[in-house]
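Colleague: Sharing query34.tsv, TSV, N, CA and C atoms:
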```tsv
chain	number	residue	atom	x	y	z
A	1	MET	N	-82.84	-47.12	55.96
A	1	MET	CA	-81.95	-48.12	55.38
A	1	MET	C	-81.12	-47.50	54.27
A	2	ILE	N	-79.91	-47.98	54.16
A	2	ILE	CA	-79.04	-47.63	53.04
A	2	ILE	C	-79.02	-48.84	52.12
A	3	GLU	N	-79.29	-48.62	50.84
A	3	GLU	CA	-79.27	-49.69	49.85
A	3	GLU	C	-77.93	-49.66	49.13
A	4	ILE	N	-77.26	-50.81	49.08
A	4	ILE	CA	-75.98	-50.92	48.39
A	4	ILE	C	-76.16	-51.86	47.21
A	5	ARG	N	-75.84	-51.35	46.03
A	5	ARG	CA	-75.94	-52.14	44.80
A	5	ARG	C	-74.53	-52.43	44.32
A	6	LEU	N	-74.22	-53.71	44.18
A	6	LEU	CA	-72.91	-54.15	43.74
A	6	LEU	C	-72.98	-54.63	42.30
A	7	PHE	N	-71.94	-54.35	41.54
A	7	PHE	CA	-71.92	-54.71	40.13
A	7	PHE	C	-70.69	-55.54	39.79
A	8	ALA	N	-70.85	-56.39	38.77
A	8	ALA	CA	-69.79	-57.22	38.19
A	8	ALA	C	-69.07	-58.02	39.28
A	9	THR	N	-67.74	-57.97	39.30
A	9	THR	CA	-66.96	-58.80	40.22
A	9	THR	C	-67.17	-58.45	41.68
A	10	LEU	N	-67.67	-57.28	41.99
A	10	LEU	CA	-67.90	-56.91	43.39
A	10	LEU	C	-69.05	-57.71	44.00
A	11	ARG	N	-69.85	-58.34	43.17
A	11	ARG	CA	-70.97	-59.17	43.65
A	11	ARG	C	-70.51	-60.52	44.19
A	12	GLU	N	-69.35	-60.97	43.77
A	12	GLU	CA	-68.88	-62.31	44.12
A	12	GLU	C	-68.83	-62.49	45.63
A	13	ASN	N	-69.55	-63.48	46.10
A	13	ASN	CA	-69.64	-63.83	47.53
A	13	ASN	C	-70.26	-62.73	48.39
A	14	ARG	N	-70.93	-61.78	47.76
A	14	ARG	CA	-71.56	-60.69	48.51
A	14	ARG	C	-73.03	-60.51	48.17
A	15	GLY	N	-73.41	-60.80	46.95
A	15	GLY	CA	-74.78	-60.57	46.52
A	15	GLY	C	-74.89	-59.34	45.64
A	16	LYS	N	-76.10	-59.08	45.19
A	16	LYS	CA	-76.36	-58.00	44.24
A	16	LYS	C	-76.82	-56.72	44.95
A	17	ILE	N	-77.75	-56.86	45.88
A	17	ILE	CA	-78.28	-55.71	46.61
A	17	ILE	C	-78.28	-56.03	48.10
A	18	LEU	N	-77.71	-55.11	48.88
A	18	LEU	CA	-77.63	-55.28	50.33
A	18	LEU	C	-78.29	-54.08	51.00
A	19	PHE	N	-78.71	-54.25	52.23
A	19	PHE	CA	-79.31	-53.17	53.00
A	19	PHE	C	-78.61	-53.08	54.35
A	20	PHE	N	-78.20	-51.86	54.72
A	20	PHE	CA	-77.54	-51.62	56.00
A	20	PHE	C	-78.28	-50.53	56.75
A	21	GLU	N	-78.22	-50.61	58.07
A	21	GLU	CA	-78.78	-49.58	58.93
A	21	GLU	C	-77.86	-48.35	58.89
A	22	PRO	N	-78.38	-47.16	58.68
A	22	PRO	CA	-77.55	-45.97	58.50
A	22	PRO	C	-76.73	-45.58	59.72
A	23	GLU	N	-77.20	-45.87	60.92
A	23	GLU	CA	-76.47	-45.43	62.11
A	23	GLU	C	-75.12	-46.12	62.26
A	24	ASN	N	-74.91	-47.23	61.57
A	24	ASN	CA	-73.63	-47.95	61.64
A	24	ASN	C	-72.63	-47.51	60.59
A	25	PHE	N	-73.05	-46.65	59.67
A	25	PHE	CA	-72.21	-46.30	58.53
A	25	PHE	C	-72.27	-44.80	58.25
A	26	PRO	N	-71.30	-44.04	58.76
A	26	PRO	CA	-71.31	-42.59	58.57
A	26	PRO	C	-70.88	-42.14	57.17
A	27	ASP	N	-70.11	-43.00	56.48
A	27	ASP	CA	-69.62	-42.62	55.15
A	27	ASP	C	-69.52	-43.86	54.26
A	28	ALA	N	-69.27	-43.62	52.98
A	28	ALA	CA	-69.18	-44.74	52.03
A	28	ALA	C	-68.00	-45.65	52.35
A	29	ASN	N	-66.91	-45.09	52.87
A	29	ASN	CA	-65.75	-45.90	53.20
A	29	ASN	C	-66.08	-46.95	54.26
A	30	SER	N	-66.91	-46.61	55.22
A	30	SER	CA	-67.28	-47.58	56.26
A	30	SER	C	-68.06	-48.76	55.65
A	31	ILE	N	-68.79	-48.50	54.59
A	31	ILE	CA	-69.50	-49.58	53.88
A	31	ILE	C	-68.50	-50.47	53.16
A	32	LEU	N	-67.52	-49.84	52.50
A	32	LEU	CA	-66.48	-50.62	51.82
A	32	LEU	C	-65.74	-51.51	52.81
A	33	MET	N	-65.43	-50.96	53.97
A	33	MET	CA	-64.72	-51.74	54.99
A	33	MET	C	-65.57	-52.92	55.46
A	34	LYS	N	-66.85	-52.69	55.69
A	34	LYS	CA	-67.75	-53.77	56.12
A	34	LYS	C	-67.82	-54.88	55.08
A	35	LEU	N	-67.80	-54.51	53.81
A	35	LEU	CA	-67.88	-55.49	52.73
A	35	LEU	C	-66.52	-56.05	52.33
A	36	ASP	N	-65.46	-55.59	53.00
A	36	ASP	CA	-64.10	-56.03	52.71
A	36	ASP	C	-63.73	-55.75	51.24
A	37	ILE	N	-64.07	-54.55	50.79
A	37	ILE	CA	-63.75	-54.10	49.43
A	37	ILE	C	-62.75	-52.95	49.53
A	38	PRO	N	-61.51	-53.15	49.08
A	38	PRO	CA	-60.56	-52.04	49.07
A	38	PRO	C	-61.05	-50.93	48.15
A	39	ALA	N	-60.85	-49.69	48.57
A	39	ALA	CA	-61.28	-48.55	47.74
A	39	ALA	C	-60.64	-48.61	46.36
A	40	SER	N	-59.45	-49.18	46.26
A	40	SER	CA	-58.77	-49.29	44.97
A	40	SER	C	-59.49	-50.24	44.01
A	41	ASP	N	-60.37	-51.10	44.53
A	41	ASP	CA	-61.14	-52.03	43.71
A	41	ASP	C	-62.43	-51.41	43.19
A	42	VAL	N	-62.70	-50.16	43.55
A	42	VAL	CA	-63.93	-49.47	43.13
A	42	VAL	C	-63.55	-48.36	42.16
A	43	ALA	N	-63.98	-48.51	40.90
A	43	ALA	CA	-63.70	-47.49	39.89
A	43	ALA	C	-64.75	-46.38	39.93
A	44	ILE	N	-65.99	-46.75	40.20
A	44	ILE	CA	-67.08	-45.77	40.24
A	44	ILE	C	-67.90	-46.01	41.51
A	45	LEU	N	-68.08	-44.95	42.27
A	45	LEU	CA	-68.90	-44.98	43.48
A	45	LEU	C	-69.96	-43.90	43.31
A	46	LEU	N	-71.20	-44.32	43.30
A	46	LEU	CA	-72.31	-43.37	43.16
A	46	LEU	C	-73.13	-43.36	44.44
A	47	ILE	N	-73.47	-42.17	44.89
A	47	ILE	CA	-74.43	-42.01	45.98
A	47	ILE	C	-75.62	-41.28	45.39
A	48	ASN	N	-76.75	-41.96	45.35
A	48	ASN	CA	-77.97	-41.41	44.74
A	48	ASN	C	-77.73	-40.93	43.31
A	49	GLY	N	-76.94	-41.71	42.57
A	49	GLY	CA	-76.69	-41.42	41.16
A	49	GLY	C	-75.63	-40.36	40.89
A	50	MET	N	-75.01	-39.84	41.94
A	50	MET	CA	-73.99	-38.80	41.78
A	50	MET	C	-72.61	-39.39	42.07
A	51	HIS	N	-71.62	-39.08	41.21
A	51	HIS	CA	-70.26	-39.54	41.46
A	51	HIS	C	-69.81	-39.04	42.82
A	52	SER	N	-69.24	-39.95	43.60
A	52	SER	CA	-68.88	-39.63	44.98
A	52	SER	C	-67.53	-40.24	45.32
A	53	LYS	N	-67.05	-39.91	46.53
A	53	LYS	CA	-65.78	-40.41	47.04
A	53	LYS	C	-66.06	-41.25	48.29
A	54	PRO	N	-65.14	-42.16	48.63
A	54	PRO	CA	-65.35	-42.99	49.82
A	54	PRO	C	-65.58	-42.20	51.10
A	55	GLN	N	-64.99	-41.03	51.22
A	55	GLN	CA	-65.14	-40.24	52.45
A	55	GLN	C	-66.45	-39.46	52.51
A	56	ASP	N	-67.26	-39.50	51.44
A	56	ASP	CA	-68.54	-38.78	51.44
A	56	ASP	C	-69.52	-39.45	52.40
A	57	SER	N	-70.27	-38.63	53.11
A	57	SER	CA	-71.21	-39.16	54.10
A	57	SER	C	-72.43	-39.79	53.43
A	58	VAL	N	-73.04	-40.71	54.16
A	58	VAL	CA	-74.26	-41.37	53.71
A	58	VAL	C	-75.32	-41.24	54.80
A	59	LYS	N	-76.58	-41.34	54.38
A	59	LYS	CA	-77.67	-41.19	55.34
A	59	LYS	C	-78.81	-42.14	54.98
A	60	ASP	N	-79.78	-42.21	55.85
A	60	ASP	CA	-80.93	-43.06	55.64
A	60	ASP	C	-81.59	-42.73	54.30
A	61	GLY	N	-81.90	-43.76	53.52
A	61	GLY	CA	-82.56	-43.59	52.24
A	61	GLY	C	-81.62	-43.50	51.06
A	62	ASP	N	-80.31	-43.38	51.32
A	62	ASP	CA	-79.34	-43.29	50.21
A	62	ASP	C	-79.22	-44.62	49.48
A	63	VAL	N	-78.90	-44.53	48.19
A	63	VAL	CA	-78.60	-45.70	47.37
A	63	VAL	C	-77.16	-45.56	46.92
A	64	ILE	N	-76.34	-46.55	47.28
A	64	ILE	CA	-74.92	-46.57	46.94
A	64	ILE	C	-74.72	-47.61	45.84
A	65	ALA	N	-74.06	-47.22	44.77
A	65	ALA	CA	-73.75	-48.15	43.68
A	65	ALA	C	-72.23	-48.24	43.55
A	66	LEU	N	-71.72	-49.46	43.49
A	66	LEU	CA	-70.28	-49.69	43.42
A	66	LEU	C	-69.95	-50.49	42.17
A	67	PHE	N	-69.03	-49.95	41.36
A	67	PHE	CA	-68.61	-50.60	40.12
A	67	PHE	C	-67.11	-50.81	40.15
A	68	PRO	N	-66.64	-52.00	39.75
A	68	PRO	CA	-65.20	-52.23	39.67
A	68	PRO	C	-64.65	-51.66	38.36
A	69	PRO	N	-63.31	-51.60	38.24
A	69	PRO	CA	-62.73	-51.22	36.93
A	69	PRO	C	-63.18	-52.24	35.88
A	70	VAL	N	-63.36	-51.75	34.67
A	70	VAL	CA	-63.80	-52.62	33.59
A	70	VAL	C	-62.68	-52.72	32.56
A	71	GLY	N	-62.36	-53.95	32.20
A	71	GLY	CA	-61.34	-54.17	31.18
A	71	GLY	C	-62.00	-54.52	29.88
A	72	GLY	N	-61.24	-54.50	28.85
A	72	GLY	CA	-61.78	-54.87	27.55
A	72	GLY	C	-60.93	-54.30	26.44
A	73	GLY	N	-61.37	-54.52	25.28
A	73	GLY	CA	-60.55	-54.00	24.20
A	73	GLY	C	-61.24	-54.09	22.97
```
In structure tokens, how does this file's structure come out?

Modeller:
Amino acid sequence: MIEIRLFATLRENRGKILFFEPENFPDANSILMKLDIPASDVAILLINGMHSKPQDSVKDGDVIALFPPVGGG
């Protein structure tokens, strides 16, 4: 299983933690597409705690964390 952790606004209508079968998702971008999240809406993408890119591959046991841009002042 691939564990996907969503943060802040990315959780809206999706949930906090999701699990996907790895054979359906060769890379992080395929997960974004499944969740209907444009890559431009993701400021930080971590695979197993390491900064990653949407085109990076994923495998069984990986933990994907997605964070949107954060505003403030």

Colleague: From the list A:Val63, A:Ile31, A:Ile17, A:Ala8, which residue is nearest Ile47 in chain A when using only C-alpha atoms?

Modeller: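 Counting only C-alpha atoms, the residue closest to Ile47 in chain A is A:Val63.
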
Colleague: Hey, what's within 8 Å of Ser40 in chain A if we count all atoms listed in the file and toss same-chain stuff fewer than 3 positions away? As a PyMOL selection string, please?

Modeller: chain A and resi 37+43+68-69

Colleague: Let me see the file: selected residues, N, CA and C atoms, as a PDB file, keeping the file's coordinate frame.

Modeller:
```pdb
ATOM      1  N   ILE A  37     -64.070 -54.550  50.790  1.00  0.00           N
ATOM      2  CA  ILE A  37     -63.750 -54.100  49.430  1.00  0.00           C
ATOM      3  C   ILE A  37     -62.750 -52.950  49.530  1.00  0.00           C
ATOM      4  N   ALA A  43     -63.980 -48.510  40.900  1.00  0.00           N
ATOM      5  CA  ALA A  43     -63.700 -47.490  39.890  1.00  0.00           C
ATOM      6  C   ALA A  43     -64.750 -46.380  39.930  1.00  0.00           C
ATOM      7  N   PRO A  68     -66.640 -52.000  39.750  1.00  0.00           N
ATOM      8  CA  PRO A  68     -65.200 -52.230  39.670  1.00  0.00           C
ATOM      9  C   PRO A  68     -64.650 -51.660  38.360  1.00  0.00           C
ATOM     10  N   PRO A  69     -63.310 -51.600  38.240  1.00  0.00           N
ATOM     11  CA  PRO A  69     -62.730 -51.220  36.930  1.00  0.00           C
ATOM     12  C   PRO A  69     -63.180 -52.240  35.880  1.00  0.00           C
TER      13      PRO A  69
END
```

Colleague: Just the number, please: distance in Å from CA of Pro22 in chain A to CA of Val70 in chain A, one decimal.

Modeller: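 So the two atoms, CA of Pro22 in chain A and CA of Val70 in chain A, lie 29.2 Å apart.
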
Colleague: Using the chain letters and numbers from this document, which residues of chain A does DSSP assign to alpha helix (DSSP H), as a list of chain:residue names?

Modeller: A:Ala28, A:Asn29, A:Ser30, A:Ile31, A:Leu32, A:Met33, A:Lys34

Colleague: Have a look at A:Phe25, A:Lys34, A:Glu12, A:Phe67 and name the one nearest to Gln55 in chain A; count only C-alpha atoms.

Modeller: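 The closest residue to Gln55 in chain A is A:Phe25.
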
Colleague: Tell me, in Å to one decimal, how far CA of Phe7 in chain A is from CA of Asp41 in chain A.

Modeller: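 Result for CA of Phe7 in chain A versus CA of Asp41 in chain A: 11.7 Å, one decimal.
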
Colleague: Do you know which residues are at most 8 Å from Glu23 in chain A counting only N, CA and C atoms, after dropping those on the same chain fewer than 4 positions away, and could you put them as a ChimeraX atom specification?

Modeller: /A:1-2,58-60

Colleague: For Pro54 in chain A, work out the shell of residues within 6.5 Å, counting only N, CA and C atoms and skipping chain neighbours fewer than 4 positions away, then give it as a PyMOL selection string.

Modeller: chain A and resi 27-30

Colleague: Interatomic distance between CA of Leu18 in chain A and CA of Arg5 in chain A?

Modeller: 6.6 Å

Colleague: Taking into account only C-alpha atoms, which residue in the set A:Lys16, A:Val42, A:Thr9, A:Pro26 is nearest to Asp56 in chain A?

Modeller: A:Pro26

Colleague: Go through range 2-73 of chain A and collect every residue that DSSP, computed from the backbone, puts in strand (DSSP E); the answer should be as a list of chain:residue names.

Modeller: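 Selection result, strand (DSSP E) within range 2-73 of chain A: A:Ile2, A:Glu3, A:Ile4, A:Arg5, A:Leu6, A:Ile17, A:Leu18, A:Phe19, A:Phe20, A:Ile44, A:Leu45, A:Leu46, A:Ile47, A:Met50, A:His51, A:Val63, A:Ile64, A:Ala65, A:Leu66, A:Phe67.
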